[in-house]
file target_19.tsv (TSV, C-alpha atoms and all ligand atoms)
chain	number	residue	atom	x	y	z
Z	1	MET	CA	10.32	21.95	-12.38
Z	2	HIS	CA	13.86	22.63	-11.25
Z	3	ILE	CA	14.80	20.62	-8.16
Z	4	ASP	CA	17.47	22.11	-5.95
Z	5	ILE	CA	19.90	19.38	-4.89
Z	6	GLN	CA	21.94	19.29	-1.71
Z	7	ARG	CA	23.86	16.05	-1.38
Z	8	THR	CA	24.87	14.46	1.87
Z	9	ALA	CA	28.56	14.79	2.81
Z	10	VAL	CA	28.74	11.18	4.02
Z	11	SER	CA	26.54	8.35	2.79
Z	12	ARG	CA	24.95	6.08	5.40
Z	13	ILE	CA	24.71	3.17	2.97
Z	14	SER	CA	27.17	1.05	4.94
Z	15	GLU	CA	24.59	1.05	7.79
Z	16	ILE	CA	22.25	-1.20	5.79
Z	17	PRO	CA	22.02	-4.42	7.79
Z	18	LYS	CA	23.38	-7.47	5.99
Z	19	GLY	CA	20.57	-9.73	7.12
Z	20	ASP	CA	16.90	-8.83	7.43
Z	21	LEU	CA	16.14	-5.32	6.17
Z	22	GLY	CA	12.82	-5.16	7.98
Z	23	PHE	CA	10.14	-2.75	6.81
Z	24	GLY	CA	10.92	0.97	7.03
Z	25	LYS	CA	13.60	0.81	9.70
Z	26	ILE	CA	16.43	2.40	7.75
Z	27	PHE	CA	15.95	5.27	5.30
Z	28	SER	CA	18.01	6.24	2.25
Z	29	ASP	CA	20.46	9.15	2.26
Z	30	HIS	CA	18.14	11.71	0.68
Z	31	MET	CA	14.55	12.93	0.73
Z	32	PHE	CA	12.49	15.22	-1.46
Z	33	SER	CA	10.59	18.20	-0.03
Z	34	MET	CA	8.48	21.08	-1.31
Z	35	ASP	CA	6.03	23.50	0.29
Z	36	TRP	CA	2.62	24.88	-0.58
Z	37	VAL	CA	2.73	28.59	0.23
Z	38	GLY	CA	0.62	31.37	-1.28
Z	39	ASP	CA	-1.39	28.92	-3.38
Z	40	LYS	CA	1.52	27.28	-5.14
Z	41	TRP	CA	4.17	24.61	-4.68
Z	42	ILE	CA	7.56	26.20	-4.05
Z	43	GLU	CA	11.17	25.23	-3.42
Z	44	PRO	CA	11.29	21.65	-4.65
Z	45	ARG	CA	14.48	20.21	-3.20
Z	46	ILE	CA	16.37	17.01	-2.54
Z	47	HIS	CA	18.43	17.06	0.65
Z	48	PRO	CA	19.83	14.69	3.28
Z	49	TYR	CA	17.20	12.58	5.09
Z	50	GLY	CA	16.80	13.75	8.68
Z	51	PRO	CA	14.59	15.51	11.23
Z	52	ILE	CA	12.51	18.43	10.03
Z	53	GLU	CA	11.37	21.49	11.91
Z	54	ILE	CA	7.63	21.65	12.50
Z	55	ILE	CA	5.58	24.17	14.47
Z	56	PRO	CA	3.87	22.47	17.47
Z	57	SER	CA	0.49	23.88	16.40
Z	58	ALA	CA	0.80	22.35	12.90
Z	59	LEU	CA	-2.69	21.33	11.81
Z	60	ALA	CA	-1.69	17.82	10.73
Z	61	LEU	CA	-0.44	16.95	14.22
Z	62	HIS	CA	-3.73	17.91	15.88
Z	63	TYR	CA	-6.43	17.15	13.34
Z	64	GLY	CA	-4.86	14.58	11.04
Z	65	GLN	CA	-4.84	16.58	7.83
Z	66	SER	CA	-2.32	14.23	6.31
Z	67	VAL	CA	-2.27	11.83	3.37
Z	68	PHE	CA	0.35	9.43	2.07
Z	69	GLU	CA	1.17	6.93	-0.63
Z	70	GLY	CA	3.14	3.70	-0.85
Z	71	LEU	CA	4.91	2.24	-3.89
Z	72	LYS	CA	8.17	0.53	-4.68
Z	73	ALA	CA	11.20	0.70	-6.98
Z	74	TYR	CA	12.50	-2.67	-8.19
Z	75	ARG	CA	15.96	-3.54	-9.50
Z	76	GLY	CA	15.72	-5.64	-12.67
Z	77	LEU	CA	16.94	-9.16	-11.99
Z	78	THR	CA	18.55	-9.55	-15.40
Z	79	ASP	CA	19.19	-5.99	-16.66
Z	80	ASN	CA	19.85	-4.28	-13.30
Z	81	ARG	CA	17.66	-1.32	-14.34
Z	82	ILE	CA	15.38	0.33	-11.80
Z	83	ARG	CA	11.63	0.32	-12.43
Z	84	LEU	CA	8.59	1.80	-10.73
Z	85	PHE	CA	5.30	-0.09	-10.90
Z	86	ARG	CA	2.21	1.92	-11.89
Z	87	PRO	CA	3.35	5.24	-10.32
Z	88	HIS	CA	0.68	7.16	-12.29
Z	89	SER	CA	-1.94	5.24	-10.31
Z	90	ASN	CA	-0.32	6.30	-7.04
Z	91	ALA	CA	-0.25	9.91	-8.29
Z	92	GLN	CA	-3.95	9.72	-9.13
Z	93	ARG	CA	-4.83	8.12	-5.80
Z	94	LEU	CA	-2.86	10.78	-3.93
Z	95	SER	CA	-4.93	13.44	-5.71
Z	96	ASN	CA	-8.13	11.65	-4.69
Z	97	SER	CA	-6.99	11.42	-1.07
Z	98	CYS	CA	-6.02	15.12	-1.18
Z	99	LYS	CA	-9.50	16.13	-2.33
Z	100	ARG	CA	-11.13	14.26	0.55
Z	101	LEU	CA	-8.87	16.03	3.07
Z	102	CYS	CA	-9.00	19.54	1.45
Z	103	ILE	CA	-5.29	19.31	0.62
Z	104	PRO	CA	-3.88	20.89	-2.57
Z	105	CYS	CA	-3.00	18.23	-5.16
Z	106	VAL	CA	0.45	17.48	-6.51
Z	107	ASP	CA	0.47	17.31	-10.28
Z	108	PRO	CA	1.19	13.68	-11.39
Z	109	ASP	CA	4.20	14.68	-13.54
Z	110	THR	CA	5.73	16.51	-10.60
Z	111	PHE	CA	5.05	13.50	-8.36
Z	112	ILE	CA	6.74	11.06	-10.75
Z	113	ASN	CA	9.65	13.36	-11.65
Z	114	ALA	CA	10.39	13.95	-7.98
Z	115	ILE	CA	10.46	10.19	-7.34
Z	116	ARG	CA	12.69	9.54	-10.36
Z	117	GLU	CA	15.20	12.25	-9.40
Z	118	LEU	CA	15.30	11.09	-5.79
Z	119	ILE	CA	15.87	7.47	-6.75
Z	120	SER	CA	18.49	8.38	-9.34
Z	121	ILE	CA	20.47	10.07	-6.57
Z	122	ASP	CA	19.97	7.19	-4.13
Z	123	SER	CA	20.11	4.43	-6.75
Z	124	ASP	CA	22.65	2.48	-4.69
Z	125	TRP	CA	19.91	2.08	-2.09
Z	126	VAL	CA	17.69	0.03	-4.41
Z	127	PRO	CA	18.51	-3.47	-3.18
Z	128	GLN	CA	19.19	-6.43	-5.41
Z	129	GLY	CA	17.24	-9.66	-5.12
Z	130	PRO	CA	13.82	-11.12	-5.86
Z	131	ASP	CA	12.38	-10.34	-2.43
Z	132	CYS	CA	13.90	-6.86	-1.96
Z	133	SER	CA	12.91	-3.42	-3.19
Z	134	LEU	CA	13.04	0.25	-2.31
Z	135	TYR	CA	9.81	1.30	-0.62
Z	136	ILE	CA	8.76	4.85	-1.52
Z	137	ARG	CA	6.67	6.83	0.95
Z	138	PRO	CA	5.24	10.17	-0.27
Z	139	LEU	CA	3.65	12.17	2.57
Z	140	LEU	CA	1.63	15.40	2.38
Z	141	PHE	CA	0.40	17.27	5.44
Z	142	GLY	CA	-0.99	20.57	6.68
Z	143	SER	CA	1.97	22.46	8.14
Z	144	GLU	CA	0.28	25.71	9.13
Z	145	GLY	CA	0.28	26.46	12.85
Z	146	THR	CA	-3.23	27.12	14.13
Z	147	LEU	CA	-5.65	25.51	16.52
Z	148	ALA	CA	-8.62	26.42	14.33
Z	149	VAL	CA	-10.35	23.38	12.85
Z	150	ARG	CA	-10.14	24.06	9.13
Z	151	ALA	CA	-7.94	23.24	6.13
Z	152	ALA	CA	-4.40	24.56	6.49
Z	153	ALA	CA	-3.06	27.42	4.37
Z	154	THR	CA	0.41	25.81	4.04
Z	155	TYR	CA	1.53	22.22	3.36
Z	156	ARG	CA	4.69	20.15	3.16
Z	157	PHE	CA	5.12	17.39	0.60
Z	158	ILE	CA	7.88	14.90	1.37
Z	159	ILE	CA	9.12	11.74	-0.30
Z	160	MET	CA	11.29	9.36	1.69
Z	161	THR	CA	12.53	5.93	0.66
Z	162	ALA	CA	13.56	2.81	2.55
Z	163	PRO	CA	15.13	-0.45	1.34
Z	164	VAL	CA	12.79	-3.25	2.40
Z	165	GLN	CA	12.49	-6.96	2.37
Z	166	GLU	CA	9.30	-8.84	1.80
Z	167	TYR	CA	8.34	-9.88	5.28
Z	168	PHE	CA	5.83	-12.56	4.53
Z	169	ASP	CA	7.05	-16.14	4.87
Z	170	ARG	CA	5.98	-17.63	1.54
Z	171	GLN	CA	6.76	-21.20	2.56
Z	172	GLY	CA	4.23	-20.91	5.38
Z	173	GLN	CA	0.59	-21.90	5.15
Z	174	GLY	CA	-0.95	-18.43	5.19
Z	175	ILE	CA	-2.17	-15.92	7.73
Z	176	TYR	CA	-4.74	-16.09	10.50
Z	177	LEU	CA	-7.36	-13.33	10.49
Z	178	LYS	CA	-9.70	-12.11	13.18
Z	179	ALA	CA	-12.98	-10.87	11.73
Z	180	GLU	CA	-13.42	-7.76	13.85
Z	181	ASP	CA	-17.00	-7.56	15.12
Z	182	ARG	CA	-16.56	-4.68	17.57
Z	183	PHE	CA	-14.29	-2.00	16.12
Z	184	THR	CA	-14.58	-0.53	12.63
Z	185	ARG	CA	-11.96	0.90	10.27
Z	186	ALA	CA	-14.29	2.99	8.14
Z	187	SER	CA	-17.94	3.80	7.70
Z	188	PRO	CA	-20.09	5.07	4.84
Z	189	GLY	CA	-19.40	8.73	4.18
Z	190	GLY	CA	-16.11	8.57	6.11
Z	191	THR	CA	-12.53	8.57	4.85
Z	192	GLY	CA	-11.99	4.82	4.32
Z	193	GLY	CA	-11.28	5.29	0.62
Z	194	ALA	CA	-8.47	7.80	1.24
Z	195	LYS	CA	-4.92	6.95	2.31
Z	196	THR	CA	-5.08	9.29	5.27
Z	197	ALA	CA	-3.46	9.15	8.71
Z	198	GLY	CA	-6.66	8.92	10.77
Z	199	ASN	CA	-7.75	5.64	9.18
Z	200	TYR	CA	-4.65	3.97	10.56
Z	201	ALA	CA	-4.89	5.61	13.98
Z	202	ALA	CA	-8.36	4.06	14.32
Z	203	THR	CA	-6.90	0.57	13.78
Z	204	LEU	CA	-4.06	0.69	16.32
Z	205	GLN	CA	-6.00	-0.45	19.38
Z	206	PRO	CA	-7.87	-3.29	17.62
Z	207	MET	CA	-4.61	-4.36	15.94
Z	208	SER	CA	-2.77	-4.42	19.23
Z	209	ASP	CA	-5.59	-6.40	20.89
Z	210	SER	CA	-5.78	-8.94	18.08
Z	211	ALA	CA	-2.00	-9.39	17.93
Z	212	GLY	CA	-2.10	-10.13	21.67
Z	213	GLU	CA	-4.73	-12.79	20.96
Z	214	GLY	CA	-2.47	-14.47	18.40
Z	215	PHE	CA	-3.96	-13.21	15.13
Z	216	ASP	CA	-1.78	-12.03	12.23
Z	217	GLN	CA	-4.18	-9.41	10.90
Z	218	ILE	CA	-7.71	-8.11	11.25
Z	219	LEU	CA	-10.44	-8.85	8.77
Z	220	TRP	CA	-12.36	-5.58	8.69
Z	221	LEU	CA	-16.11	-5.83	8.34
Z	222	ASP	CA	-18.54	-3.08	7.38
Z	223	GLY	CA	-19.08	-0.33	9.94
Z	224	LEU	CA	-22.86	-0.57	10.17
Z	225	GLU	CA	-23.63	-4.26	10.76
Z	226	HIS	CA	-20.28	-6.04	10.96
Z	227	ARG	CA	-21.63	-8.49	8.41
Z	228	TYR	CA	-19.86	-7.71	5.14
Z	229	VAL	CA	-16.19	-8.23	4.35
Z	230	GLU	CA	-14.11	-5.13	3.66
Z	231	GLU	CA	-10.31	-5.52	3.97
Z	232	ALA	CA	-7.64	-7.75	5.48
Z	233	GLY	CA	-5.42	-5.48	7.57
Z	234	GLN	CA	-3.86	-3.04	5.11
Z	235	MET	CA	-4.66	-5.30	2.18
Z	236	ASN	CA	-7.60	-5.81	-0.14
Z	237	ILE	CA	-9.14	-9.26	-0.03
Z	238	PHE	CA	-10.12	-11.80	-2.70
Z	239	PHE	CA	-12.22	-14.97	-2.49
Z	240	HIS	CA	-12.04	-17.74	-5.06
Z	241	ILE	CA	-15.48	-19.32	-4.72
Z	242	GLY	CA	-16.50	-21.97	-7.25
Z	243	ASP	CA	-15.38	-20.61	-10.62
Z	244	THR	CA	-15.63	-16.96	-9.61
Z	245	ILE	CA	-13.29	-14.46	-8.00
Z	246	VAL	CA	-15.14	-12.18	-5.62
Z	247	THR	CA	-13.78	-9.01	-4.02
Z	248	PRO	CA	-15.54	-6.15	-2.22
Z	249	ASP	CA	-16.56	-3.32	-4.53
Z	250	LEU	CA	-15.10	0.17	-4.13
Z	251	SER	CA	-18.00	1.62	-2.22
Z	252	GLY	CA	-15.96	4.28	-0.43
Z	253	THR	CA	-15.16	2.37	2.76
Z	254	ILE	CA	-12.28	0.34	1.33
Z	255	LEU	CA	-8.97	1.58	-0.01
Z	256	PRO	CA	-8.74	1.27	-3.80
Z	257	GLY	CA	-5.54	-0.77	-3.92
Z	258	ILE	CA	-3.36	-0.67	-7.01
Z	259	THR	CA	-2.43	-4.31	-6.44
Z	260	ARG	CA	-6.18	-5.01	-6.33
Z	261	ASP	CA	-6.61	-3.35	-9.71
Z	262	THR	CA	-3.56	-5.18	-11.14
Z	263	ILE	CA	-4.99	-8.52	-10.00
Z	264	LEU	CA	-8.44	-7.79	-11.44
Z	265	THR	CA	-6.87	-6.82	-14.78
Z	266	ILE	CA	-4.73	-9.97	-14.93
Z	267	LEU	CA	-7.58	-12.27	-13.85
Z	268	ARG	CA	-9.88	-10.81	-16.52
Z	269	GLU	CA	-7.17	-11.51	-19.11
Z	270	TRP	CA	-6.90	-15.06	-17.81
Z	271	GLY	CA	-10.63	-15.45	-18.40
Z	272	TYR	CA	-11.88	-15.60	-14.82
Z	273	ASN	CA	-15.35	-14.51	-13.78
Z	274	ILE	CA	-14.99	-11.48	-11.56
Z	275	GLU	CA	-17.54	-10.08	-9.16
Z	276	GLU	CA	-16.96	-6.81	-7.33
Z	277	ARG	CA	-19.73	-6.65	-4.76
Z	278	ARG	CA	-20.64	-6.85	-1.10
Z	279	ILE	CA	-19.64	-10.17	0.46
Z	280	PRO	CA	-21.62	-11.26	3.55
Z	281	MET	CA	-19.62	-13.35	6.05
Z	282	ASP	CA	-22.59	-15.76	6.03
Z	283	GLU	CA	-21.98	-16.46	2.35
Z	284	VAL	CA	-18.30	-17.26	3.07
Z	285	LEU	CA	-19.30	-19.62	5.91
Z	286	THR	CA	-21.88	-21.43	3.79
Z	287	ALA	CA	-19.64	-21.71	0.73
Z	288	ASN	CA	-16.74	-22.95	2.85
Z	289	LYS	CA	-18.92	-25.59	4.50
Z	290	ALA	CA	-19.98	-26.78	1.03
Z	291	GLY	CA	-16.30	-26.99	0.02
Z	292	ASP	CA	-16.68	-24.21	-2.59
Z	293	VAL	CA	-14.10	-21.79	-1.18
Z	294	ARG	CA	-10.93	-22.64	-3.11
Z	295	GLU	CA	-8.67	-19.84	-1.85
Z	296	VAL	CA	-8.75	-16.57	0.01
Z	297	PHE	CA	-5.91	-14.07	-0.25
Z	298	GLY	CA	-4.94	-10.53	0.63
Z	299	ALA	CA	-3.23	-8.11	-1.79
Z	300	GLY	CA	-1.16	-4.96	-1.40
Z	301	THR	CA	2.15	-3.37	-2.42
Z	302	ALA	CA	4.01	-4.49	0.71
Z	303	ALA	CA	3.47	-8.25	0.35
Z	304	VAL	CA	1.97	-8.50	-3.19
Z	305	VAL	CA	-0.39	-11.40	-2.36
Z	306	VAL	CA	-0.70	-13.41	0.85
Z	307	PRO	CA	-2.79	-16.56	1.29
Z	308	ILE	CA	-5.24	-16.61	4.18
Z	309	ASP	CA	-5.34	-19.85	6.13
Z	310	ARG	CA	-7.98	-19.29	8.79
Z	311	ILE	CA	-10.57	-16.68	9.79
Z	312	HIS	CA	-11.85	-16.32	13.34
Z	313	TYR	CA	-15.47	-15.15	13.26
Z	314	LEU	CA	-17.99	-14.95	16.11
Z	315	GLY	CA	-16.00	-17.23	18.38
Z	316	LYS	CA	-15.27	-19.93	15.78
Z	317	ASP	CA	-12.38	-20.71	13.47
Z	318	LEU	CA	-13.12	-20.99	9.80
Z	319	GLN	CA	-10.44	-23.25	8.32
Z	320	LEU	CA	-9.88	-22.56	4.63
Z	321	ALA	CA	-8.55	-24.95	2.00
Z	322	PRO	CA	-4.75	-25.30	2.04
Z	323	VAL	CA	-2.89	-23.42	-0.73
Z	324	GLY	CA	-0.93	-25.54	-3.17
Z	325	ASN	CA	2.01	-24.52	-5.36
Z	326	ASP	CA	-0.33	-24.21	-8.34
Z	327	SER	CA	-2.69	-21.88	-6.47
Z	328	LEU	CA	-4.02	-18.74	-8.07
Z	329	CYS	CA	-2.32	-16.78	-5.34
Z	330	GLN	CA	1.04	-18.26	-6.31
Z	331	ARG	CA	0.47	-17.68	-10.04
Z	332	LEU	CA	-0.48	-14.06	-9.40
Z	333	TYR	CA	2.56	-13.57	-7.19
Z	334	GLN	CA	4.79	-14.97	-9.91
Z	335	THR	CA	3.24	-12.90	-12.68
Z	336	ILE	CA	3.20	-9.61	-10.80
Z	337	THR	CA	6.75	-9.91	-9.43
Z	338	GLU	CA	8.06	-10.92	-12.88
Z	339	LEU	CA	6.55	-7.70	-14.26
Z	340	GLN	CA	8.01	-5.65	-11.41
Z	341	PHE	CA	11.50	-7.14	-11.75
Z	342	GLY	CA	11.60	-6.85	-15.54
Z	343	LEU	CA	11.38	-10.60	-16.27
Z	344	ARG	CA	8.13	-10.45	-18.23
Z	345	GLN	CA	6.90	-8.45	-21.22
Z	346	ASP	CA	4.88	-5.48	-19.93
Z	347	ASN	CA	1.88	-5.05	-22.22
Z	348	HIS	CA	0.07	-2.57	-19.99
Z	349	GLY	CA	2.63	0.20	-19.68
Z	350	TRP	CA	2.78	-0.46	-15.94
Z	351	SER	CA	6.58	-0.37	-15.61
Z	352	VAL	CA	8.28	3.03	-15.61
Z	353	LEU	CA	12.06	3.07	-15.85
Z	354	VAL	CA	13.79	5.43	-13.44
Z	355	ASP	CA	16.83	6.15	-15.63
A	401	LIG	C1	-2.39	0.95	0.80
A	401	LIG	C2	-3.50	0.09	1.25
A	401	LIG	C3	-3.95	-1.02	0.53
A	401	LIG	C4	-3.23	-1.58	-0.67
A	401	LIG	O1	-3.05	-0.69	-1.71
A	401	LIG	P1	-1.92	-0.98	-2.78
A	401	LIG	O2	-2.00	0.18	-3.70
A	401	LIG	O3	-2.24	-2.26	-3.43
A	401	LIG	O4	-0.63	-1.05	-2.03
A	401	LIG	C5	-5.09	-1.68	0.97
A	401	LIG	N1	-5.73	-1.29	2.08
A	401	LIG	C6	-5.31	-0.25	2.83
A	401	LIG	C7	-6.08	0.12	4.04
A	401	LIG	C8	-4.18	0.47	2.44
A	401	LIG	O5	-3.76	1.48	3.18

call {"tool": "encode", "arguments": {"input": "target_19.tsv", "output": "structure tokens", "more": "lines below"}}
Ligand SMILES: *Cc1c(COP(=O)(O)O)cnc(C)c1O
result
Amino acid sequence: MHIDIQRTAVSRISEIPKGDLGFGKIFSDHMFSMDWVGDKWIEPRIHPYGPIEIIPSALALHYGQSVFEGLKAYRGLTDNRIRLFRPHSNAQRLSNSCKRLCIPCVDPDTFINAIRELISIDSDWVPQGPDCSLYIRPLLFGSEGTLAVRAAATYRFIIMTAPVQEYFDRQGQGIYLKAEDRFTRASPGGTGGAKTAGNYAATLQPMSDSAGEGFDQILWLDGLEHRYVEEAGQMNIFFHIGDTIVTPDLSGTILPGITRDTILTILREWGYNIEERRIPMDEVLTANKAGDVREVFGAGTAAVVVPIDRIHYLGKDLQLAPVGNDSLCQRLYQTITELQFGLRQDNHGWSVLVD
């Protein structure tokens, strides 16, 4: 694939704030674009980041035919080299999301090459430091203008990047979740397993309500009975109960997180018992009362792992055990970030160098 490159005349890199980078507030100089027209991807190009022209009747705007991905590039803390973490998994997940939304797939090699070229050009935007990285947001949507409800005939694939800072306060005690017993994120047969726009639209009102009530995130329960645990906000969730690590199985209503898979792989190597299955809230309540719940944590690319301190469920607060410095959560955080920042031998082929 030959990528046409149009460089910006003036870099905006001096606009990067010196203090808190936030999450996705400032975007790098360039973006990647290509279009699906006449049953093939055409005109792959890297060009200055900025507004794009879109027809008001574009299918994605009306009916949500849109999928995305999220991964990061990390600057090596000792060798200064830029690495991606498991980008082939993001490529595969994008293809799976595309199938669910009737969107043409992007070939994984094209996906990874486009990211590498884009980051090579904007390499100065990959921040330095153990809690900073360049967030990469691939986006693919139906661009055809029509009000007919059907799959579009044309698509735009974009990759944008943003320097980000880890926003979770790691010295704190953990987050406070509201187990949502009214709204649902996903239901059996729906699109919960795809990284698609509509899933997030459905969570905006409940998120806004729960933030107003003082909760950090929502604990999503199953869509049928509101009894089984699904996800913590935009993170997968893990329970350390007794000598076993339990996490919801990939039944189609939860997003198959790459961090989730990384954690399961590492925990298996460390010799832990793993159970991927349905987790009733009742079981969590009973186990916690008996003192068997050792830790609960969320996992995702944005924050890696985050301890959960309390869960509000059916009008009551469920206080979980405090997390110590030797917690599993902390050990996983250490191990995963050391892999990402090139401080640890990578035996899985997870790290992909950009240059
Ligand atoms: C992206 C996402 C996750 C985490 O996936 P990672 O690949 O680990 O970043 C979990 N849940 C939802 C709903 C998500 O959108």

call {"tool": "closest_residue", "arguments": {"input": "target_19.tsv", "among": "Z:Pro322, Z:Gly192, Z:Gly145, Z:Gly212", "to": "Val296 in chain Z", "atoms": "all atoms listed in the file"}}
result
Z:Pro322

call {"tool": "closest_atom_pairs", "arguments": {"input": "target_19.tsv", "of": "chain Z", "to": "ligand LIG 401 (chain A)", "cutoff": "6 Å", "atoms": "only C-alpha atoms and all ligand atoms", "output": "Markdown table"}}
result
| residue | atom | partner | partner_atom | distance |
| --- | --- | --- | --- | --- |
| Z:Lys195 | CA | A:LIG401 | O5 | 5.7 |
| Z:Gln234 | CA | A:LIG401 | C6 | 3.9 |
| Z:Met235 | CA | A:LIG401 | C5 | 3.8 |
| Z:Asn236 | CA | A:LIG401 | C5 | 5.0 |
| Z:Leu255 | CA | A:LIG401 | N1 | 4.8 |
| Z:Gly257 | CA | A:LIG401 | O1 | 3.3 |
| Z:Ile258 | CA | A:LIG401 | O2 | 3.7 |
| Z:Thr259 | CA | A:LIG401 | O3 | 3.6 |
| Z:Arg260 | CA | A:LIG401 | O3 | 5.6 |
| Z:Gly300 | CA | A:LIG401 | O3 | 3.5 |
| Z:Thr301 | CA | A:LIG401 | O4 | 3.6 |

call {"tool": "residues_around", "arguments": {"input": "target_19.tsv", "residues": "Arg150 in chain Z", "least_positions_apart": "5", "cutoff": "12 Å", "atoms": "all atoms listed in the file", "output": "tab-separated table (two decimals) with C-alpha atoms, in the frame of the given file"}}
result
chain	number	residue	atom	x	y	z
Z	58	ALA	CA	0.80	22.35	12.90
Z	59	LEU	CA	-2.69	21.33	11.81
Z	60	ALA	CA	-1.69	17.82	10.73
Z	62	HIS	CA	-3.73	17.91	15.88
Z	63	TYR	CA	-6.43	17.15	13.34
Z	64	GLY	CA	-4.86	14.58	11.04
Z	65	GLN	CA	-4.84	16.58	7.83
Z	101	LEU	CA	-8.87	16.03	3.07
Z	102	CYS	CA	-9.00	19.54	1.45
Z	103	ILE	CA	-5.29	19.31	0.62
Z	142	GLY	CA	-0.99	20.57	6.68
Z	144	GLU	CA	0.28	25.71	9.13
Z	145	GLY	CA	0.28	26.46	12.85

call {"tool": "atom_distance", "arguments": {"input": "target_19.tsv", "atom1": "CA of Gly76 in chain Z", "atom2": "CA of Gln345 in chain Z"}}
result
12.6 Å

call {"tool": "closest_atom_pairs", "arguments": {"input": "target_19.tsv", "of": "range 124-213 of chain Z", "to": "range 262-284 of chain Z", "cutoff": "12 Å", "atoms": "all atoms listed in the file", "output": "Markdown table"}}
result
| residue | atom | partner | partner_atom | distance |
| --- | --- | --- | --- | --- |
| Z:Ala179 | CA | Z:Met281 | CA | 9.1 |
| Z:Glu180 | CA | Z:Met281 | CA | 11.4 |
| Z:Asp181 | CA | Z:Met281 | CA | 11.1 |

call {"tool": "residues_around", "arguments": {"input": "target_19.tsv", "residues": "Ser133 in chain Z", "least_positions_apart": "3", "cutoff": "9 Å", "atoms": "all atoms listed in the file", "output": "ChimeraX atom specification"}}
result
/Z:72-75,125-130,162-166

call {"tool": "write_last_selection", "arguments": {"input": "target_19.tsv", "atoms": "C-alpha atoms", "output": "mmCIF file, in the frame of the given file"}}
result
data_model
loop_
_atom_site.group_PDB
_atom_site.id
_atom_site.type_symbol
_atom_site.label_atom_id
_atom_site.label_comp_id
_atom_site.auth_asym_id
_atom_site.auth_seq_id
_atom_site.Cartn_x
_atom_site.Cartn_y
_atom_site.Cartn_z
ATOM 1 C CA LYS Z 72 8.170 0.530 -4.680
ATOM 2 C CA ALA Z 73 11.200 0.700 -6.980
ATOM 3 C CA TYR Z 74 12.500 -2.670 -8.190
ATOM 4 C CA ARG Z 75 15.960 -3.540 -9.500
ATOM 5 C CA TRP Z 125 19.910 2.080 -2.090
ATOM 6 C CA VAL Z 126 17.690 0.030 -4.410
ATOM 7 C CA PRO Z 127 18.510 -3.470 -3.180
ATOM 8 C CA GLN Z 128 19.190 -6.430 -5.410
ATOM 9 C CA GLY Z 129 17.240 -9.660 -5.120
ATOM 10 C CA PRO Z 130 13.820 -11.120 -5.860
ATOM 11 C CA ALA Z 162 13.560 2.810 2.550
ATOM 12 C CA PRO Z 163 15.130 -0.450 1.340
ATOM 13 C CA VAL Z 164 12.790 -3.250 2.400
ATOM 14 C CA GLN Z 165 12.490 -6.960 2.370
ATOM 15 C CA GLU Z 166 9.300 -8.840 1.800
#

call {"tool": "decode", "arguments": {"input": "target_19.tsv", "residues": "range 217-228 of chain Z", "atoms": "N, CA and C atoms", "output": "compact mmCIF listing (two decimals), in the first residue's frame"}}
result
# COMPACT_ATOMS: atom_id res chain seq x y z
N GLN Z 217 -18.16 5.44 38.24
CA GLN Z 217 -18.48 4.66 37.05
C GLN Z 217 -19.72 3.83 37.33
N ILE Z 218 -20.24 3.24 36.25
CA ILE Z 218 -21.38 2.34 36.39
C ILE Z 218 -20.90 0.90 36.34
N LEU Z 219 -21.47 0.08 37.20
CA LEU Z 219 -21.28 -1.36 37.05
C LEU Z 219 -22.47 -1.87 36.26
N TRP Z 220 -22.20 -2.27 35.01
CA TRP Z 220 -23.28 -2.75 34.16
C TRP Z 220 -23.66 -4.17 34.51
N LEU Z 221 -24.97 -4.38 34.62
CA LEU Z 221 -25.47 -5.73 34.90
C LEU Z 221 -26.15 -6.25 33.63
N ASP Z 222 -26.49 -7.52 33.62
CA ASP Z 222 -27.08 -8.11 32.41
C ASP Z 222 -28.42 -7.44 32.09
N GLY Z 223 -28.75 -7.43 30.81
CA GLY Z 223 -29.91 -6.70 30.32
C GLY Z 223 -31.25 -7.35 30.63
N LEU Z 224 -31.26 -8.63 30.96
CA LEU Z 224 -32.53 -9.32 31.17
C LEU Z 224 -33.03 -9.22 32.61
N GLU Z 225 -32.15 -9.48 33.56
CA GLU Z 225 -32.57 -9.56 34.97
C GLU Z 225 -31.88 -8.56 35.88
N HIS Z 226 -30.86 -7.89 35.37
CA HIS Z 226 -30.05 -7.00 36.23
C HIS Z 226 -29.52 -7.75 37.46
N ARG Z 227 -29.05 -8.93 37.22
CA ARG Z 227 -28.55 -9.77 38.33
C ARG Z 227 -27.08 -10.13 38.17
N TYR Z 228 -26.61 -10.21 36.92
CA TYR Z 228 -25.26 -10.69 36.68
C TYR Z 228 -24.34 -9.54 36.27
